Structure formats: structure tokens, C-alpha cells
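**Q** Got a structure for you, written out below as C-alpha cells; questions coming shortly.
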Amino acid sequence: MQRSFARRGVLGAAAALGGAALLAPLAPAAAAAGTARAPWPTRFPLPRGFRPEGIAIGASPYAYFGSLADGSVYRVALATGRGRIVAPPLGPEHNVVGLKIDRRERQLFLCGGWNREIRVVDARTGGPLAAYTGLGAPDTGINDVVLAPGAAWFTDSFNAHLFRLPLDRHDEPTGPVETVALTGEWEQGPGFTTNGISRTPDGRALLVANTVIDGGGLVRVDPGTGRCRRVDLDGLRLPFADGLLLLGRLLYVVQQQLNTVNVVRLDDAGTRGTEVARITDARFRIPTTAAAYGNRIYLPNARFDVEPTPDTEYDVVAVRRVRD
């Protein structure tokens, strides 16, 4: 298999089961998000061979997916499940891991993975707006991104730092990319360590998934200093934590190989959290990241347990949102 961000052997979903409540999958005939009369699909395909990893959804009912295979971006109408390529493929030497869309839904921020690049493209046309290449050390893996006032923050899966891309008040990049070292209670493993990233509920700090600390957990990062503090999760372990999705005070943590989404209620500062639900679904095939629209959470199935080919099938599934 081509080098990927899976990095772990596949475990059975039974390893994820424990004390929290399990949520049933969203039925195909469930009421649609928004005001559409016909049910919106709760499962839809992506192009064959696409190799999805990240997902982004803004205020409009459209989802964007990045390709590990060739660096393209695919846009889907959630009402129909139909889509098209908006950012063209750049070739097998390029890839898109995590991605986010800005508040005005005009720009997509793309993580270039092991290509050590950050790209910003037009969300409608896919046209290039900015590119930052040759970032970090040769083993750099730019994995995930979150947008905050004044900056876009990117994780490096193999090194103890974050990348910071300065933004103006319109969320447009001003560059250059800065490196912020992770200190304090950060623990760096010998290989893949850092995954998803989010903001704390109060917006004052960042939350980063660390696959090593406490057997897998979350770290709160002061964006001004890079100093880290372990998040007290009351014994919950997150060894395969990938994408993080914050909705209010609820943090959705996608544990890819476990085919599970842990839902954690955080305090405002993001220093403590308690698991309140655990989402499993027979349709999960190693989901990696999550994004929300209406009462649904959408997750792409990365299928890291199969050898990728140009004909490999990929899809996206929707489950019910947990209400706080």
C-alpha cells in the first residue's frame, strides 16, 4: 500500500465498546436536513479510486472531499449525493489529507500530507489562490487544519510542532507559514503521533489528537506559546483518534480503525471532557473525519484496510447528530 496516514493495524470494532451509549444509524427514510421534501441520502458514492480522507462542510449543503490519490477535490450536493471534481488532479505525487472551508465559503485550505505543502484554492472553481511548499523536515506529514481568527493551524503527524498560516480579517492568507513548537506536556512518539485538530469551546486554545499520550488522547495547545496541557478525559483512551469535530461543547472524535466516533462533552476551556455517547454503524469502513450539516454528521470511509486500486469503491455515510 502506498504510504498513508493509516499507520496502525486494523482492530475489530468490538475493542471500542464500553460504558457509553451506542447510537443507532440514521435510517434511510429519516427526515431530510433543511427544508427539502424528499429524504436526503444517508449514503452516497465517491469516484472510484478516489481515496478520501478529509471532509469540509460550510453553511451551505455541500461537502468537499480531498483525494489521497491525486490531490483533487470533489464537491457533493448533500440533497442529492451527486457531485463533481472542482479542483483537478495534480498527479500521484500530490495528495490532500485534511481540508477546511472558510466562513464565506470562498476558499478551501488543503493539507498536502507527505508532500509538505499547503494549498489554498477557490471553493467553486478549484483555481489556485496560494501555495506553500517544502514545509518542515523531510519526514513532515501535513495532516489536518482548523481555521481560527487570524490564522489557519495545521498538524504535522511526525513532528512536535504546528504550522501557522496567518490570515487577514477576510480569512485570506497573508503568509509566510510559521512553525510553532509543541512544549509542556506534549509527548512525541517515534513515528506517527499527531492527527486531528480543533478549537476549544471558548475559542481561546486548540485541541490536538495525540496517538501516544495516555495511550491516545487529546492535548490543549496555547496558540500564543505552543505550550501543551493534557486534556483530562476521565479514563477514556483514543488510540486511533483522527478527525475532530467541535459542535458547541461536544467534540466528535473519529477513531478510524475502530469504526467508532466517541462524543465527548468538554468544559469551556477544553481542559476536561467526559464521554457522553459512542457512535457505531455497520456502514463504517474506517471513517477518518467528520463534518456536520443540519442534524447529521457526515463521514468519508477511507478503507485503509484494503489495497487501493483505480477501481476501489469509496463512499460517505451520515449518522445522527448527538444533542447536547
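As shown in the C-alpha cells, the chain order sets the letters A, B, ...; within each chain, residues go from 1, and ligands are also counted from 1 in the order they appear.
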Skip stretch 70-81 of chain A itself and residues of its chain fewer than 2 positions away, then list as number ranges by chain all residues within 8 Å of it, counting only C-alpha atoms.

**A** A: 36, 39-41, 43-45, 50, 61-68, 83-96, 112, 126

**Q** Just asking: which residues within stretch 116-260 of chain A are strand (DSSP E or B) according to DSSP, as a PyMOL selection string?

**A** chain A and resi 118-122+128-132+142-148+151-156+161-167+173+178-181+183-184+194-199+206-210+217-221+227-230+232+241-247+250-255+260

**Q** Using only C-alpha atoms, which residues sit within 7 Å of stretch 282-294 of chain A once same-chain residues fewer than 3 positions away are excluded, as an MDAnalysis selection string?

**A** chainID A and resid 33:34 53:57 61 242:245 254 256:257 259 297:304

**Q** Could you write those residues out with N, CA and C atoms, as a compact mmCIF listing (two decimals), in the first residue's frame?

**A**
```txt
# COMPACT_ATOMS: atom_id res chain seq x y z
N ALA A 33 -32.32 16.89 6.16
CA ALA A 33 -31.83 18.15 6.71
C ALA A 33 -32.43 19.29 5.92
N GLY A 34 -32.56 20.46 6.57
CA GLY A 34 -33.11 21.62 5.87
C GLY A 34 -34.59 21.46 5.60
N GLU A 53 -9.99 11.21 2.51
CA GLU A 53 -9.54 11.27 3.90
C GLU A 53 -10.25 12.39 4.63
N GLY A 54 -10.19 13.61 4.10
CA GLY A 54 -10.80 14.74 4.77
C GLY A 54 -12.15 15.12 4.19
N ILE A 55 -12.92 15.88 5.00
CA ILE A 55 -14.22 16.41 4.58
C ILE A 55 -14.37 17.82 5.13
N ALA A 56 -15.02 18.69 4.36
CA ALA A 56 -15.34 20.04 4.82
C ALA A 56 -16.75 20.39 4.38
N ILE A 57 -17.52 20.98 5.30
CA ILE A 57 -18.87 21.48 5.00
C ILE A 57 -19.00 22.86 5.63
N PRO A 61 -25.39 23.46 1.91
CA PRO A 61 -25.47 21.99 1.90
C PRO A 61 -24.59 21.34 0.83
N ASP A 242 -8.59 10.40 14.92
CA ASP A 242 -8.26 11.03 13.65
C ASP A 242 -8.92 12.40 13.62
N GLY A 243 -9.99 12.57 12.83
CA GLY A 243 -10.62 13.87 12.72
C GLY A 243 -11.35 14.28 13.99
N LEU A 244 -11.32 15.59 14.29
CA LEU A 244 -12.04 16.16 15.42
C LEU A 244 -13.07 17.15 14.89
N LEU A 245 -14.29 17.06 15.40
CA LEU A 245 -15.37 17.97 15.02
C LEU A 245 -16.00 18.53 16.28
N VAL A 254 -13.24 10.89 15.74
CA VAL A 254 -13.35 9.74 14.84
C VAL A 254 -12.16 8.81 15.10
N GLN A 256 -10.65 5.92 13.60
CA GLN A 256 -10.80 5.31 12.28
C GLN A 256 -10.83 3.78 12.30
N GLN A 257 -9.74 3.09 12.67
CA GLN A 257 -9.73 1.63 12.58
C GLN A 257 -10.74 0.96 13.51
N ASN A 259 -13.75 1.99 13.76
CA ASN A 259 -15.08 2.23 13.19
C ASN A 259 -16.04 2.80 14.23
N ILE A 297 -24.20 14.08 10.84
CA ILE A 297 -22.75 14.07 10.78
C ILE A 297 -22.36 13.20 9.58
N TYR A 298 -21.54 13.75 8.71
CA TYR A 298 -21.11 13.04 7.50
C TYR A 298 -19.66 12.59 7.66
N LEU A 299 -19.39 11.34 7.26
CA LEU A 299 -18.06 10.77 7.41
C LEU A 299 -17.66 10.02 6.14
N PRO A 300 -16.49 10.32 5.57
CA PRO A 300 -15.99 9.53 4.44
C PRO A 300 -15.33 8.25 4.92
N ASN A 301 -15.57 7.16 4.22
CA ASN A 301 -14.93 5.88 4.51
C ASN A 301 -13.62 5.79 3.73
N ALA A 302 -12.49 5.79 4.45
CA ALA A 302 -11.18 5.77 3.79
C ALA A 302 -10.74 4.38 3.38
N ARG A 303 -11.28 3.34 4.00
CA ARG A 303 -10.99 1.95 3.64
C ARG A 303 -9.49 1.67 3.65
N PHE A 304 -8.81 2.07 4.72
CA PHE A 304 -7.38 1.85 4.83
C PHE A 304 -7.01 0.38 4.96
```

**Q** Please build the interface table for stretch 210-252 of chain A against stretch 308-323 of chain A with a cut-off of 10 Å, listing for each qualifying residue the nearest atom pair and the distance in Å to one decimal; count only C-alpha atoms, order rows by chain and increasing number, and write it as a tab-separated table.

**A**
```
residue	atom	partner	partner_atom	distance
A:Leu247	CA	A:Val322	CA	9.4
A:Gly248	CA	A:Arg323	CA	9.8
A:Leu250	CA	A:Val322	CA	8.3
A:Tyr252	CA	A:Val322	CA	9.3
```

**Q** For the residues in the current selection, export N, CA, C and O atoms as a PDB file, in the first residue's frame.

**A**
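Final output, result_16.pdb:
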```
ATOM      1  N   LEU A 247     -18.874  20.785  18.002  1.00  0.00           N
ATOM      2  CA  LEU A 247     -20.200  21.385  17.852  1.00  0.00           C
ATOM      3  C   LEU A 247     -20.657  21.817  19.237  1.00  0.00           C
ATOM      4  O   LEU A 247     -21.058  20.995  20.060  1.00  0.00           O
ATOM      5  N   GLY A 248     -20.582  23.117  19.501  1.00  0.00           N
ATOM      6  CA  GLY A 248     -20.869  23.599  20.838  1.00  0.00           C
ATOM      7  C   GLY A 248     -19.805  23.118  21.801  1.00  0.00           C
ATOM      8  O   GLY A 248     -18.621  23.405  21.629  1.00  0.00           O
ATOM      9  N   LEU A 250     -19.659  19.763  22.449  1.00  0.00           N
ATOM     10  CA  LEU A 250     -19.478  18.353  22.119  1.00  0.00           C
ATOM     11  C   LEU A 250     -18.390  18.194  21.068  1.00  0.00           C
ATOM     12  O   LEU A 250     -18.440  18.812  19.999  1.00  0.00           O
ATOM     13  N   TYR A 252     -16.643  15.520  18.603  1.00  0.00           N
ATOM     14  CA  TYR A 252     -16.736  14.224  17.930  1.00  0.00           C
ATOM     15  C   TYR A 252     -15.318  13.797  17.555  1.00  0.00           C
ATOM     16  O   TYR A 252     -14.618  14.506  16.829  1.00  0.00           O
TER      17      TYR A 252
END
```

**Q** Just give me the gap between atom CA of A:Ala137 and atom CA of A:Arg230 in Å, one decimal is fine.

**A**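 Going from atom CA of A:Ala137 over to atom CA of A:Arg230, I get 25.7 Å.
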
**Q** To one decimal place in Å, what is the distance between atom CA of A:Val120 and atom CA of A:Lys100?

**A**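 Separating atom CA of A:Val120 from atom CA of A:Lys100 is a distance of 9.8 Å.
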
**Q** Please, what distance in Å, to one decimal, runs between atom CA of A:Ser198 and atom CA of A:Val146?

**A**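 Here the two named atoms are 5.8 Å from each other.
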
**Q** Find, counting only C-alpha atoms, the residue in A:Asp156, A:Asp324, A:Asp202, A:Asp232 that gets nearest to A:Arg116.

**A**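 Going through A:Asp156, A:Asp324, A:Asp202, A:Asp232 one by one, the smallest distance to A:Arg116 is for A:Asp156.
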
**Q** Show which residues sit within 8 Å of A:Ala152, as a PyMOL selection string. Count only C-alpha atoms, and ignore same-chain residues fewer than 2 positions away.

**A** chain A and resi 145-148+150+154+164-167

**Q** Take the selection from the previous step and output its residues with N, CA, C and O atoms, as a short mmCIF file (atom, residue, chain, number, x, y, z; two decimals), in the first residue's frame.

**A**
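selection.cif written:
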```cif
data_model
loop_
_atom_site.label_atom_id
_atom_site.label_comp_id
_atom_site.auth_asym_id
_atom_site.auth_seq_id
_atom_site.Cartn_x
_atom_site.Cartn_y
_atom_site.Cartn_z
N VAL A 145 -6.31 20.55 9.52
CA VAL A 145 -6.31 22.00 9.60
C VAL A 145 -7.57 22.48 10.31
O VAL A 145 -8.63 21.87 10.19
N VAL A 146 -7.44 23.57 11.07
CA VAL A 146 -8.59 24.27 11.64
C VAL A 146 -8.37 25.76 11.42
O VAL A 146 -7.24 26.25 11.47
N LEU A 147 -9.47 26.47 11.15
CA LEU A 147 -9.41 27.91 10.95
C LEU A 147 -9.81 28.62 12.24
O LEU A 147 -10.80 28.28 12.87
N ALA A 148 -9.01 29.61 12.62
CA ALA A 148 -9.27 30.42 13.80
C ALA A 148 -9.10 31.87 13.42
O ALA A 148 -8.51 32.17 12.37
N GLY A 150 -7.51 35.00 12.58
CA GLY A 150 -6.13 35.41 12.37
C GLY A 150 -5.18 34.35 11.88
O GLY A 150 -4.03 34.66 11.53
N PHE A 154 -2.24 23.96 11.20
CA PHE A 154 -2.06 22.67 10.55
C PHE A 154 -1.21 21.74 11.44
O PHE A 154 -0.22 22.18 12.03
N ARG A 164 1.47 27.44 11.32
CA ARG A 164 0.52 28.54 11.43
C ARG A 164 0.58 29.39 10.17
O ARG A 164 1.64 29.92 9.82
N LEU A 165 -0.55 29.50 9.48
CA LEU A 165 -0.65 30.34 8.29
C LEU A 165 -1.45 31.59 8.66
O LEU A 165 -2.65 31.49 8.91
N PRO A 166 -0.83 32.76 8.71
CA PRO A 166 -1.57 33.98 9.08
C PRO A 166 -2.67 34.30 8.07
O PRO A 166 -2.50 34.13 6.87
N LEU A 167 -3.81 34.77 8.61
CA LEU A 167 -4.96 35.16 7.78
C LEU A 167 -5.35 36.59 8.11
O LEU A 167 -5.21 37.04 9.24
#
```

**Q** Could you give me, as an MDAnalysis selection string, the residues within 8 Å of A:Arg106, counting only C-alpha atoms and dropping anything in the same chain fewer than 5 positions from it?

**A** chainID A and resid 101 122:124

**Q** Within 10 Å of A:Val212, counting only C-alpha atoms, which residues show up once you throw out same-chain ones fewer than 2 positions away? Write them as a ChimeraX atom specification, please.

**A** /A:186-194,209-210,214-218,238-240

**Q** Got time to write the residues from that selection, N, CA and C atoms, as a compact mmCIF listing (two decimals), in the first residue's frame?

**A**
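Written file, selection-v7.txt:
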```txt
# COMPACT_ATOMS: atom_id res chain seq x y z
N TRP A 186 3.34 17.92 25.98
CA TRP A 186 3.33 17.20 24.70
C TRP A 186 4.24 15.98 24.79
N GLU A 187 3.82 14.87 24.20
CA GLU A 187 4.65 13.66 24.12
C GLU A 187 4.73 13.24 22.66
N GLN A 188 5.94 13.20 22.13
CA GLN A 188 6.16 12.83 20.74
C GLN A 188 6.62 11.39 20.64
N GLY A 189 5.91 10.58 19.85
CA GLY A 189 6.31 9.20 19.65
C GLY A 189 7.39 9.08 18.59
N PRO A 190 7.89 7.87 18.34
CA PRO A 190 8.95 7.67 17.35
C PRO A 190 8.46 7.76 15.91
N GLY A 191 7.16 7.71 15.71
CA GLY A 191 6.60 7.78 14.37
C GLY A 191 5.36 8.65 14.35
N PHE A 192 4.30 8.13 13.74
CA PHE A 192 3.04 8.86 13.62
C PHE A 192 2.50 9.19 15.00
N THR A 193 2.30 10.49 15.29
CA THR A 193 1.86 10.92 16.62
C THR A 193 0.66 11.86 16.57
N THR A 194 0.68 12.84 15.68
CA THR A 194 -0.31 13.92 15.68
C THR A 194 -1.34 13.71 14.59
N ALA A 209 -5.25 15.89 18.56
CA ALA A 209 -5.25 14.46 18.85
C ALA A 209 -3.81 13.95 18.85
N ASN A 210 -3.44 13.27 19.94
CA ASN A 210 -2.11 12.70 20.10
C ASN A 210 -2.28 11.20 20.31
N ASP A 214 -0.99 9.06 27.04
CA ASP A 214 -2.02 8.35 27.81
C ASP A 214 -2.66 7.21 27.01
N GLY A 215 -1.90 6.59 26.12
CA GLY A 215 -2.45 5.54 25.28
C GLY A 215 -3.35 6.06 24.18
N GLY A 216 -3.26 7.34 23.90
CA GLY A 216 -4.09 8.01 22.89
C GLY A 216 -5.04 8.98 23.55
N GLY A 217 -4.87 10.27 23.28
CA GLY A 217 -5.72 11.25 23.94
C GLY A 217 -5.70 12.59 23.24
N LEU A 218 -6.08 13.62 23.99
CA LEU A 218 -6.16 14.98 23.47
C LEU A 218 -5.24 15.90 24.26
N LEU A 238 -8.03 7.20 23.39
CA LEU A 238 -8.32 7.46 21.97
C LEU A 238 -7.11 7.10 21.12
N PRO A 239 -6.74 5.82 21.05
CA PRO A 239 -5.51 5.43 20.36
C PRO A 239 -5.54 5.64 18.86
N PHE A 240 -6.72 5.71 18.27
CA PHE A 240 -6.84 5.86 16.81
C PHE A 240 -7.56 7.16 16.45
```

**Q** Stretch 178-185 of chain A: which residues within 10 Å, counting only C-alpha atoms, same-chain residues fewer than 2 positions away excluded, as a count of residues only?

**A** 29

**Q** Between A:Arg199, A:Arg104, A:Arg272, A:Arg204, which residue has the minimum interatomic distance to A:Glu172, considering only C-alpha atoms?

**A** A:Arg104
